[in-house]
file target-v6.cif (mmCIF, C-alpha atoms and all ligand atoms)
data_protein
loop_
_atom_site.label_atom_id
_atom_site.label_comp_id
_atom_site.auth_asym_id
_atom_site.auth_seq_id
_atom_site.Cartn_x
_atom_site.Cartn_y
_atom_site.Cartn_z
CA MET D 1 0.00 0.00 0.00
CA ASP D 2 1.43 3.41 -0.88
CA LEU D 3 1.48 6.30 1.57
CA GLN D 4 -1.32 8.27 -0.03
CA SER D 5 -3.83 5.44 -0.17
CA ALA D 6 -2.93 4.43 3.38
CA GLN D 7 -3.65 7.98 4.55
CA ILE D 8 -6.97 8.07 2.71
CA ARG D 9 -7.96 4.76 4.33
CA ALA D 10 -6.89 6.00 7.76
CA ILE D 11 -8.94 9.20 7.38
CA ASP D 12 -11.99 7.14 6.35
CA ALA D 13 -11.50 4.88 9.34
CA VAL D 14 -11.40 7.86 11.73
CA ASP D 15 -14.69 9.07 10.23
CA LYS D 16 -16.28 5.67 10.86
CA LEU D 17 -14.93 5.60 14.42
CA GLY D 18 -16.09 9.17 15.18
CA PRO D 19 -18.95 8.07 17.49
CA ASP D 20 -16.56 5.82 19.46
CA LEU D 21 -14.05 8.65 19.76
CA VAL D 22 -16.75 10.92 21.18
CA GLN D 23 -17.95 8.22 23.54
CA LEU D 24 -14.47 7.48 24.89
CA THR D 25 -13.92 11.20 25.53
CA GLN D 26 -17.22 11.36 27.43
CA GLU D 27 -16.43 8.24 29.44
CA MET D 28 -13.06 9.66 30.43
CA VAL D 29 -14.54 13.03 31.43
CA ARG D 30 -17.15 11.26 33.60
CA ILE D 31 -14.45 9.73 35.80
CA PRO D 32 -12.92 12.53 37.90
CA THR D 33 -9.12 12.29 37.90
CA GLU D 34 -8.31 15.40 39.91
CA THR D 35 -4.84 16.18 41.07
CA HIS D 36 -4.52 17.44 44.66
CA PRO D 37 -0.82 17.69 45.46
CA PRO D 38 0.71 15.71 47.02
CA THR D 39 -1.94 13.11 46.01
CA GLY D 40 -4.09 12.53 42.94
CA ASP D 41 -7.24 10.64 41.95
CA GLU D 42 -6.08 9.29 38.60
CA GLY D 43 -6.50 5.61 39.63
CA PRO D 44 -10.10 4.91 38.51
CA GLY D 45 -9.65 6.81 35.22
CA GLN D 46 -6.48 4.91 34.38
CA GLU D 47 -8.08 1.58 35.30
CA HIS D 48 -10.98 2.34 33.00
CA LEU D 49 -8.68 3.28 30.14
CA ALA D 50 -6.49 0.20 30.61
CA SER D 51 -9.50 -2.12 30.53
CA TYR D 52 -10.91 -0.24 27.52
CA LEU D 53 -7.70 -0.79 25.57
CA THR D 54 -7.31 -4.43 26.57
CA GLY D 55 -10.99 -5.44 26.52
CA ARG D 56 -12.13 -3.57 23.45
CA PHE D 57 -9.02 -3.42 21.30
CA GLY D 58 -7.09 -6.42 22.60
CA TRP D 59 -4.05 -4.23 23.27
CA LYS D 60 -1.49 -5.20 25.88
CA VAL D 61 -0.87 -2.44 28.39
CA ASP D 62 1.89 -1.70 30.86
CA SER D 63 0.42 -0.16 34.04
CA PHE D 64 2.97 1.03 36.59
CA LEU D 65 3.33 3.54 39.37
CA PRO D 66 6.00 6.20 38.78
CA ILE D 67 7.76 5.23 42.03
CA GLU D 68 8.01 1.59 40.91
CA VAL D 69 10.50 2.52 38.19
CA PRO D 70 14.01 1.62 39.41
CA GLY D 71 16.23 4.64 39.93
CA ILE D 72 13.46 7.17 39.36
CA GLU D 73 13.88 8.95 42.68
CA GLN D 74 17.59 9.52 41.97
CA HIS D 75 16.91 10.93 38.52
CA PRO D 76 17.76 14.66 38.15
CA GLY D 77 14.31 15.28 36.65
CA TRP D 78 12.43 13.78 39.64
CA TRP D 79 10.38 16.30 41.64
CA PRO D 80 10.13 15.00 45.21
CA GLY D 81 7.40 15.17 47.83
CA LEU D 82 4.48 13.68 45.88
CA ASP D 83 2.45 10.58 46.78
CA TYR D 84 1.81 8.09 43.97
CA THR D 85 -0.57 5.69 45.71
CA ASN D 86 -3.01 4.30 43.09
CA ARG D 87 -1.71 6.63 40.36
CA PRO D 88 -0.47 4.35 37.57
CA ASN D 89 0.74 5.35 34.14
CA VAL D 90 -0.84 3.31 31.33
CA VAL D 91 1.28 2.59 28.25
CA ALA D 92 0.42 0.56 25.15
CA HIS D 93 3.33 -0.35 22.91
CA ARG D 94 2.07 -1.18 19.40
CA ARG D 95 4.88 -2.83 17.50
CA GLY D 96 5.48 -2.26 13.82
CA VAL D 97 6.97 -4.84 11.48
CA GLY D 98 10.37 -3.16 11.61
CA GLY D 99 12.43 -0.77 9.53
CA GLY D 100 10.44 2.41 10.27
CA ARG D 101 10.68 5.36 12.62
CA SER D 102 9.05 5.02 16.03
CA LEU D 103 6.66 7.51 17.64
CA ILE D 104 5.39 8.22 21.14
CA LEU D 105 1.91 9.74 21.65
CA ASN D 106 1.63 11.23 25.12
CA GLY D 107 -1.23 12.73 27.13
CA HIS D 108 -1.91 13.34 30.82
CA ILE D 109 -5.09 11.97 32.41
CA ASP D 110 -5.04 14.18 35.51
CA VAL D 111 -7.14 17.32 35.66
CA VAL D 112 -7.20 20.38 37.89
CA PRO D 113 -10.07 20.46 40.42
CA ALA D 114 -13.49 21.39 39.04
CA GLY D 115 -13.83 24.39 41.36
CA PRO D 116 -17.19 25.65 42.69
CA ALA D 117 -20.02 23.69 41.05
CA GLY D 118 -22.18 26.83 41.05
CA GLN D 119 -19.97 28.38 38.39
CA TRP D 120 -20.76 25.55 35.96
CA LYS D 121 -23.83 25.46 33.73
CA TYR D 122 -23.06 21.83 32.83
CA ALA D 123 -22.10 19.20 35.40
CA PRO D 124 -18.28 19.26 35.69
CA TYR D 125 -18.17 15.47 35.38
CA GLY D 126 -21.26 14.96 33.24
CA GLY D 127 -19.54 14.74 29.86
CA ASP D 128 -22.65 16.32 28.26
CA LEU D 129 -22.65 16.55 24.47
CA VAL D 130 -24.42 19.77 23.46
CA ASP D 131 -24.27 21.42 20.04
CA GLY D 132 -21.16 19.53 19.01
CA ARG D 133 -19.28 20.20 22.24
CA ILE D 134 -18.38 17.83 25.04
CA TYR D 135 -18.47 19.66 28.36
CA GLY D 136 -16.59 18.82 31.52
CA ARG D 137 -13.39 19.23 33.50
CA GLY D 138 -10.55 17.70 31.50
CA SER D 139 -12.44 17.64 28.19
CA VAL D 140 -9.93 19.96 26.51
CA ASP D 141 -7.06 19.54 28.99
CA MET D 142 -6.65 16.86 27.92
CA LYS D 143 -8.82 13.78 27.75
CA GLY D 144 -9.91 14.82 24.25
CA GLY D 145 -6.27 14.73 23.22
CA ILE D 146 -5.82 11.25 24.69
CA ALA D 147 -8.97 9.92 22.98
CA SER D 148 -7.95 11.38 19.59
CA MET D 149 -4.48 9.88 19.71
CA ILE D 150 -5.85 6.47 20.75
CA TYR D 151 -8.38 6.50 17.93
CA ALA D 152 -5.76 7.62 15.40
CA VAL D 153 -3.84 4.41 16.15
CA ARG D 154 -7.00 2.32 16.28
CA ALA D 155 -8.15 3.69 12.89
CA ILE D 156 -4.85 2.70 11.27
CA GLU D 157 -5.14 -0.82 12.65
CA LEU D 158 -8.79 -1.26 11.62
CA ALA D 159 -7.95 0.07 8.13
CA GLY D 160 -5.58 -2.87 7.78
CA ILE D 161 -2.48 -0.67 7.51
CA ARG D 162 0.68 -2.36 8.76
CA LEU D 163 3.20 0.11 10.10
CA LYS D 164 6.95 -0.35 9.94
CA GLY D 165 7.80 1.66 13.06
CA ASP D 166 6.45 1.23 16.61
CA VAL D 167 3.80 3.49 18.13
CA ILE D 168 3.81 3.93 21.90
CA VAL D 169 0.63 5.34 23.45
CA GLU D 170 1.12 6.87 26.92
CA SER D 171 -1.60 8.05 29.31
CA VAL D 172 0.32 9.54 32.21
CA VAL D 173 -0.50 10.80 35.69
CA ASN D 174 0.55 13.95 37.52
CA GLU D 175 1.17 16.62 34.90
CA GLU D 176 -1.05 19.36 36.30
CA LEU D 177 0.34 21.69 38.93
CA GLY D 178 3.87 20.94 37.91
CA GLY D 179 4.31 17.28 38.78
CA TYR D 180 5.62 15.89 35.49
CA ASN D 181 6.91 12.75 37.18
CA GLY D 182 4.43 10.59 35.23
CA THR D 183 6.08 11.25 31.89
CA LEU D 184 9.52 11.15 33.48
CA ALA D 185 8.71 7.64 34.75
CA CYS D 186 7.82 6.53 31.21
CA CYS D 187 11.14 7.88 29.92
CA VAL D 188 13.16 6.25 32.71
CA ARG D 189 11.30 2.96 32.25
CA GLY D 190 12.82 2.90 28.77
CA TYR D 191 10.07 4.18 26.49
CA GLN D 192 11.84 6.23 23.85
CA ALA D 193 11.25 6.84 20.16
CA ASP D 194 12.41 8.85 17.17
CA ALA D 195 9.86 11.53 18.12
CA ALA D 196 7.00 12.23 20.52
CA ILE D 197 3.77 14.14 20.03
CA VAL D 198 2.26 15.54 23.23
CA THR D 199 -1.43 15.97 22.40
CA GLU D 200 -2.15 19.05 24.54
CA ALA D 201 -4.74 21.43 23.09
CA THR D 202 -3.24 23.51 20.28
CA GLU D 203 -6.36 23.84 18.08
CA CYS D 204 -4.52 21.46 15.75
CA GLN D 205 -1.69 23.93 15.21
CA ILE D 206 1.87 22.66 15.46
CA MET D 207 3.95 23.78 18.42
CA PRO D 208 7.60 22.72 18.47
CA ALA D 209 8.45 24.88 21.51
CA HIS D 210 6.98 25.81 24.86
CA LYS D 211 7.63 28.48 27.43
CA GLY D 212 9.34 27.95 30.73
CA GLY D 213 9.06 30.01 33.88
CA GLN D 214 8.60 29.92 37.59
CA GLY D 215 6.16 31.08 40.23
CA LEU D 216 7.82 33.68 42.44
CA ARG D 217 6.97 35.26 45.78
CA LEU D 218 8.11 38.75 46.76
CA ARG D 219 8.05 39.64 50.45
CA VAL D 220 8.11 43.37 51.08
CA PRO D 221 8.65 44.71 54.60
CA GLY D 222 6.97 47.72 56.22
CA ARG D 223 6.80 49.21 59.70
CA SER D 224 3.64 49.41 61.76
CA ALA D 225 2.57 52.45 63.74
CA HIS D 226 -0.52 53.61 65.53
CA ALA D 227 -3.19 54.42 62.96
CA ASN D 228 -3.42 58.00 64.24
CA MET D 229 0.29 58.47 63.63
CA TRP D 230 0.38 56.77 60.25
CA TRP D 231 3.37 58.89 59.19
CA ARG D 232 5.57 57.14 61.75
CA GLY D 233 5.09 53.82 59.99
CA VAL D 234 5.93 52.57 56.51
CA SER D 235 3.20 50.85 54.54
CA ALA D 236 4.46 47.59 53.05
CA LEU D 237 1.54 47.85 50.65
CA ASP D 238 2.77 51.16 49.23
CA LYS D 239 6.28 49.74 48.87
CA ALA D 240 4.89 46.60 47.22
CA LEU D 241 3.02 48.68 44.66
CA GLU D 242 6.24 50.56 43.86
CA LEU D 243 8.04 47.26 43.34
CA LYS D 244 5.18 46.02 41.18
CA GLY D 245 6.15 48.92 38.92
CA VAL D 246 9.57 47.26 38.60
CA LEU D 247 7.82 44.11 37.35
CA ALA D 248 5.96 46.19 34.75
CA ASP D 249 9.18 47.89 33.60
CA PHE D 250 11.01 44.58 33.35
CA GLU D 251 8.12 43.11 31.37
CA ALA D 252 8.27 45.99 28.88
CA GLU D 253 12.00 45.39 28.46
CA ARG D 254 11.38 41.64 28.05
CA THR D 255 8.72 42.31 25.42
CA ALA D 256 11.23 44.29 23.36
CA GLU D 257 14.02 41.73 23.68
CA THR D 258 11.88 38.65 22.98
CA ARG D 259 9.80 40.16 20.17
CA HIS D 260 11.78 38.25 17.55
CA ASN D 261 11.95 34.89 19.29
CA PRO D 262 11.37 32.47 16.38
CA TYR D 263 8.49 30.73 18.16
CA PHE D 264 6.77 33.69 19.81
CA SER D 265 7.17 36.53 17.30
CA ASP D 266 3.54 36.82 16.12
CA PRO D 267 2.31 39.99 17.91
CA GLU D 268 -1.35 39.03 17.57
CA ARG D 269 -0.88 35.62 19.12
CA PHE D 270 1.64 36.82 21.69
CA PRO D 271 1.13 40.52 22.53
CA LEU D 272 3.34 39.92 25.59
CA PRO D 273 5.78 37.14 24.71
CA ALA D 274 7.47 37.03 28.13
CA LEU D 275 5.19 37.72 31.10
CA VAL D 276 6.46 39.19 34.37
CA ASN D 277 3.83 41.63 35.65
CA THR D 278 1.41 38.87 36.61
CA VAL D 279 0.63 39.37 40.32
CA TRP D 280 -2.29 37.05 41.03
CA SER D 281 -2.25 37.48 44.78
CA LEU D 282 -1.29 40.36 47.05
CA LYS D 283 -1.65 40.03 50.79
CA ALA D 284 -0.96 42.90 53.16
CA GLY D 285 -2.15 44.12 56.51
CA ASP D 286 -4.54 42.96 59.19
CA PRO D 287 -8.19 44.05 58.92
CA GLU D 288 -8.41 44.41 62.71
CA LEU D 289 -5.24 46.41 63.25
CA MET D 290 -5.77 49.55 61.18
CA SER D 291 -2.05 50.23 61.06
CA PRO D 292 0.38 50.46 58.15
CA PRO D 293 0.88 46.89 56.88
CA GLU D 294 4.10 45.37 58.23
CA GLU D 295 4.48 42.96 55.35
CA ALA D 296 3.15 42.59 51.83
CA VAL D 297 3.42 39.31 49.91
CA LEU D 298 3.06 39.22 46.14
CA ASP D 299 2.77 36.03 44.11
CA PHE D 300 3.49 36.18 40.42
CA TRP D 301 4.88 34.30 37.44
CA CYS D 302 7.97 35.04 35.36
CA ASP D 303 8.30 33.55 31.86
CA ALA D 304 11.45 32.34 30.10
CA LEU D 305 11.39 31.63 26.37
CA PRO D 306 13.16 28.93 24.34
CA GLY D 307 16.79 29.92 23.87
CA GLU D 308 16.86 31.66 27.26
CA ASP D 309 18.12 30.47 30.61
CA LEU D 310 15.42 30.58 33.30
CA ASP D 311 17.89 31.25 36.12
CA THR D 312 19.49 34.16 34.26
CA VAL D 313 16.09 35.78 33.68
CA ILE D 314 15.16 35.46 37.36
CA ASP D 315 18.60 36.76 38.43
CA ARG D 316 18.12 39.82 36.23
CA LEU D 317 14.71 40.49 37.76
CA GLU D 318 16.17 40.15 41.25
CA ALA D 319 18.92 42.65 40.36
CA ARG D 320 16.23 45.16 39.23
CA LEU D 321 14.32 44.73 42.48
CA ASN D 322 17.55 45.14 44.47
CA ALA D 323 18.40 48.33 42.59
CA ALA D 324 14.95 49.73 43.38
CA ALA D 325 15.43 48.80 47.05
CA ASP D 326 18.87 50.49 47.10
CA ALA D 327 17.25 53.70 45.89
CA ASP D 328 14.61 53.68 48.65
CA LEU D 329 15.37 55.11 52.10
CA PHE D 330 13.42 52.43 53.96
CA LEU D 331 14.00 49.41 51.71
CA ARG D 332 17.73 50.17 51.63
CA THR D 333 17.96 48.77 55.16
CA ASN D 334 14.77 46.70 55.21
CA ARG D 335 15.32 44.43 52.24
CA PRO D 336 12.53 42.89 50.17
CA ARG D 337 13.04 39.18 49.48
CA LEU D 338 12.41 37.32 46.23
CA GLU D 339 11.67 33.61 46.71
CA ARG D 340 11.01 30.82 44.27
CA GLN D 341 7.74 29.01 44.88
CA THR D 342 8.27 25.37 45.62
CA ILE D 343 4.78 23.89 45.08
CA MET D 344 5.68 23.51 41.42
CA ARG D 345 9.01 22.62 39.91
CA PRO D 346 10.94 25.22 37.91
CA PHE D 347 9.96 25.01 34.26
CA TYR D 348 12.70 25.21 31.68
CA PRO D 349 11.76 26.30 28.16
CA THR D 350 12.53 23.74 25.47
CA SER D 351 12.15 23.53 21.72
CA ILE D 352 12.93 21.45 18.68
CA PRO D 353 13.83 23.08 15.34
CA LEU D 354 11.02 24.63 13.29
CA ASP D 355 12.10 22.39 10.43
CA HIS D 356 12.42 19.18 12.48
CA PRO D 357 11.15 16.17 10.47
CA ILE D 358 8.28 15.50 12.91
CA VAL D 359 7.13 19.11 12.42
CA ALA D 360 7.27 18.65 8.65
CA THR D 361 5.31 15.39 8.92
CA LEU D 362 2.58 17.02 11.02
CA ALA D 363 2.44 20.01 8.66
CA ALA D 364 2.06 17.78 5.60
CA SER D 365 -0.65 15.77 7.40
CA TYR D 366 -2.44 18.97 8.34
CA ARG D 367 -2.48 20.04 4.68
CA THR D 368 -3.80 16.60 3.66
CA VAL D 369 -6.70 16.78 6.13
CA VAL D 370 -7.52 20.49 6.32
CA ASP D 371 -6.32 21.69 2.92
CA SER D 372 -4.62 24.81 4.27
CA LYS D 373 -1.37 25.73 5.99
CA PRO D 374 -0.99 25.21 9.75
CA ASP D 375 0.58 27.74 12.08
CA ILE D 376 3.90 26.57 13.45
CA VAL D 377 4.42 28.54 16.68
CA GLY D 378 5.28 28.25 20.35
CA PHE D 379 3.00 26.81 23.06
CA SER D 380 2.39 29.56 25.59
CA ALA D 381 2.29 27.24 28.59
CA VAL D 382 4.46 24.39 29.82
CA CYS D 383 3.70 20.71 29.33
CA ASP D 384 5.23 17.23 29.37
CA ALA D 385 7.17 18.02 26.17
CA MET D 386 9.67 19.59 28.58
CA ILE D 387 10.44 16.21 30.16
CA PHE D 388 11.04 14.52 26.79
CA ASN D 389 13.24 17.34 25.54
CA LEU D 390 15.24 17.72 28.76
CA HIS D 391 15.47 14.19 30.08
CA SER D 392 15.16 11.75 27.19
CA PRO D 393 16.59 11.26 23.71
CA THR D 394 13.06 11.66 22.25
CA PRO D 395 12.39 15.08 20.66
CA ALA D 396 8.83 16.23 21.41
CA VAL D 397 6.36 18.47 19.59
CA ILE D 398 2.97 19.65 20.88
CA PHE D 399 -0.14 19.09 18.77
CA GLY D 400 -3.72 18.35 19.76
CA PRO D 401 -7.42 19.21 19.62
CA GLY D 402 -9.24 22.11 21.27
CA ASP D 403 -8.63 25.56 22.65
CA LEU D 404 -6.27 25.55 25.63
CA SER D 405 -7.75 28.79 26.99
CA LEU D 406 -10.93 26.85 27.86
CA GLY D 407 -8.98 24.51 30.14
CA HIS D 408 -9.03 24.98 33.92
CA GLY D 409 -12.20 27.17 33.72
CA ALA D 410 -15.89 26.51 34.36
CA ASP D 411 -17.78 24.93 31.44
CA GLU D 412 -14.58 23.67 29.87
CA TYR D 413 -15.43 21.94 26.60
CA ILE D 414 -13.97 20.42 23.49
CA GLU D 415 -15.53 20.51 20.03
CA VAL D 416 -16.20 17.16 18.42
CA GLU D 417 -15.01 18.63 15.13
CA GLN D 418 -11.59 19.29 16.74
CA LEU D 419 -11.40 15.75 18.13
CA VAL D 420 -12.03 14.23 14.72
CA ARG D 421 -9.71 16.64 12.93
CA ALA D 422 -6.85 15.99 15.35
CA SER D 423 -7.37 12.25 15.12
CA LYS D 424 -7.20 12.36 11.30
CA ILE D 425 -4.09 14.54 11.26
CA LEU D 426 -2.43 12.26 13.83
CA ALA D 427 -3.37 9.17 11.83
CA CYS D 428 -1.84 10.65 8.66
CA ALA D 429 1.26 11.71 10.59
CA ILE D 430 1.71 8.27 12.16
CA VAL D 431 1.39 6.57 8.77
CA GLU D 432 3.98 8.88 7.18
CA TRP D 433 6.35 8.88 10.14
CA CYS D 434 6.34 5.17 10.90
CA GLY D 435 6.06 4.06 7.27
CA VAL D 436 3.71 1.57 5.63
CA ALA D 437 4.85 -2.02 5.26
ZN ZN J 501 -2.57 19.85 30.00
#
call {"tool": "encode", "arguments": {"input": "target-v6.cif", "output": "structure tokens"}}
result
Amino acid sequence: MDLQSAQIRAIDAVDKLGPDLVQLTQEMVRIPTETHPPTGDEGPGQEHLASYLTGRFGWKVDSFLPIEVPGIEQHPGWWPGLDYTNRPNVVAHRRGVGGGRSLILNGHIDVVPAGPAGQWKYAPYGGDLVDGRIYGRGSVDMKGGIASMIYAVRAIELAGIRLKGDVIVESVVNEELGGYNGTLACCVRGYQADAAIVTEATECQIMPAHKGGQGLRLRVPGRSAHANMWWRGVSALDKALELKGVLADFEAERTAETRHNPYFSDPERFPLPALVNTVWSLKAGDPELMSPPEEAVLDFWCDALPGEDLDTVIDRLEARLNAAADADLFLRTNRPRLERQTIMRPFYPTSIPLDHPIVATLAASYRTVVDSKPDIVGFSAVCDAMIFNLHSPTPAVIFGPGDLSLGHGADEYIEVEQLVRASKILACAIVEWCGVA
């Protein structure tokens, strides 16, 4: 069978399997797999998926806890302090006949908590299908991605296409909130390939790079005084707002210097390529004291882009904050402190070349299915591609169904049209990449 007719058959097979693809996505959404560091509830969702793959498809699966992998806790990529009770990875290794390139398809099954139910119109774990959208926590981030990659492989098999190279399907635990040990455990267990596709939501655009960054905490001191003699004190809140201005200035400078980053240069997609002025929490003062706040605590995020060193960026920011403190009569002797948040690991930006063969394969497959040109740009968050690119010989690209901005919010949904489109593009890419026997 030649490549073109194999791709046409695979696309037809995805169309026929469309209802099953939708149903698997709904079934996965209906099983809550929330992550609550240090624990997570992925167990029942992974068990369901494993029995789906074995019972329905006859696939063999490898289910294992990240901590069961020998040497994992000594690995430099291991992030300690998490509990992996009943949180198995599920991997299906589909062997080709030999002589082709191998491919890993990777998705995380864990989801962030649903949040207050009152904010949802649809039940967070209902998996309702309404007007071509499947609603629920995890639908777009990223059970839809997992279902589309599984059905891409299934479609190829049902179409009678024999691949040369191996395809390894990974449903991993513990990606959300910075865990990433699930994918690391797959790498350390020995799963590697000539390329990996992480099927996070990219609206079927091709993303060979992702941002890095770290959550930071700035502690700003003040001095209390009796409320009636306010002038004798120093408000930590006022000082914090001045230092927030430093974040804004640094962000403007970062915007100018990263404007031409090859992955983040589109000003419409990325009006601010490298975020710094992102304070999401500011705590200061005591409501019962009525005196100038003695301490203000700001939590924010600082981005680093591919080609940059995260530590250098944070060091530069710290130097700016120190310079501002030096210039302030009070802060000169009462130093503000910049700390790295430790709930999540530091995220290092990674990338593969824009003209990497797996990018070219996905782009050609996109043109086959959609009949137009895909965008090839950076992913503006972090994901498991980081683990592949930093800690394994497998180069990873990000490509999957749905709009990432809908993830983590109320009434998260994924469009069925996106699921089917991603599955077809993936099927075409697998056929080209692995080769037809
Ligand atoms: Zn995700």
call {"tool": "residues_near_ligand", "arguments": {"input": "target-v6.cif", "ligand": "ligand ZN 501 (chain J)", "cutoff": "6 Å", "atoms": "only C-alpha atoms and all ligand atoms", "output": "PyMOL selection string"}}
result
chain D and resi 141-142+200
call {"tool": "atom_distance", "arguments": {"input": "target-v6.cif", "atom1": "CA of Leu237 (chain D)", "atom2": "CA of Ala296 (chain D)"}}
result
5.6 Å
call {"tool": "atom_distance", "arguments": {"input": "target-v6.cif", "atom1": "CA of Met207 (chain D)", "atom2": "CA of Arg9 (chain D)"}}
result
26.5 Å
call {"tool": "closest_residue", "arguments": {"input": "target-v6.cif", "among": "D:Gly407, D:Gly45, D:Gly58, D:Gly222", "to": "Val140 (chain D)", "atoms": "all atoms listed in the file"}}
result
D:Gly407
call {"tool": "residues_around", "arguments": {"input": "target-v6.cif", "residues": "His48 (chain D)", "least_positions_apart": "6", "cutoff": "9 Å", "atoms": "only C-alpha atoms", "output": "list in words"}}
result
Glu27, Met28 and Ile31 of chain D
call {"tool": "closest_residue", "arguments": {"input": "target-v6.cif", "among": "D:Ala236, D:Ala159, D:Leu305, D:His408", "to": "Gly115 (chain D)", "atoms": "only C-alpha atoms"}}
result
D:His408
call {"tool": "closest_residue", "arguments": {"input": "target-v6.cif", "among": "D:Leu354, D:Ala364, D:Val173, D:Leu275", "to": "Val112 (chain D)", "atoms": "all atoms listed in the file"}}
result
D:Val173
call {"tool": "closest_residue", "arguments": {"input": "target-v6.cif", "among": "D:Ala240, D:Gly378, D:Ala325, D:Ala304", "to": "Arg269 (chain D)", "atoms": "only C-alpha atoms"}}
result
D:Gly378
call {"tool": "residues_near_point", "arguments": {"input": "target-v6.cif", "point": "(-4.5, 23.4, 25.7)", "cutoff": "10 Å", "atoms": "all atoms listed in the file", "output": "PyMOL selection string"}}
result
chain D and resi 140-142+145+199-203+379-383+398-408
call {"tool": "build_atoms", "arguments": {"input": "target-v6.cif", "residues": "region 231-242 of chain D", "atoms": "N, CA and C atoms", "output": "short mmCIF file (atom, residue, chain, number, x, y, z; two decimals), keeping the file's coordinate frame"}}
result
data_model
loop_
_atom_site.label_atom_id
_atom_site.label_comp_id
_atom_site.auth_asym_id
_atom_site.auth_seq_id
_atom_site.Cartn_x
_atom_site.Cartn_y
_atom_site.Cartn_z
N TRP D 231 2.11 58.43 59.78
CA TRP D 231 3.37 58.89 59.19
C TRP D 231 4.60 58.30 59.88
N ARG D 232 4.42 57.75 61.07
CA ARG D 232 5.57 57.14 61.75
C ARG D 232 5.86 55.74 61.21
N GLY D 233 4.91 55.16 60.53
CA GLY D 233 5.09 53.82 59.99
C GLY D 233 5.50 53.88 58.52
N VAL D 234 5.68 52.69 57.95
CA VAL D 234 5.93 52.57 56.51
C VAL D 234 4.99 51.48 56.00
N SER D 235 4.16 51.84 55.05
CA SER D 235 3.20 50.85 54.54
C SER D 235 3.88 49.89 53.57
N ALA D 236 3.90 48.61 53.96
CA ALA D 236 4.46 47.59 53.05
C ALA D 236 3.65 47.53 51.75
N LEU D 237 2.37 47.86 51.86
CA LEU D 237 1.54 47.85 50.65
C LEU D 237 2.02 48.89 49.64
N ASP D 238 2.29 50.11 50.14
CA ASP D 238 2.77 51.16 49.23
C ASP D 238 4.10 50.74 48.59
N LYS D 239 4.98 50.17 49.40
CA LYS D 239 6.28 49.74 48.87
C LYS D 239 6.09 48.61 47.85
N ALA D 240 5.14 47.71 48.14
CA ALA D 240 4.89 46.60 47.22
C ALA D 240 4.40 47.12 45.87
N LEU D 241 3.54 48.14 45.93
CA LEU D 241 3.02 48.68 44.66
C LEU D 241 4.14 49.36 43.86
N GLU D 242 5.08 49.99 44.57
CA GLU D 242 6.24 50.56 43.86
C GLU D 242 7.04 49.45 43.20
#
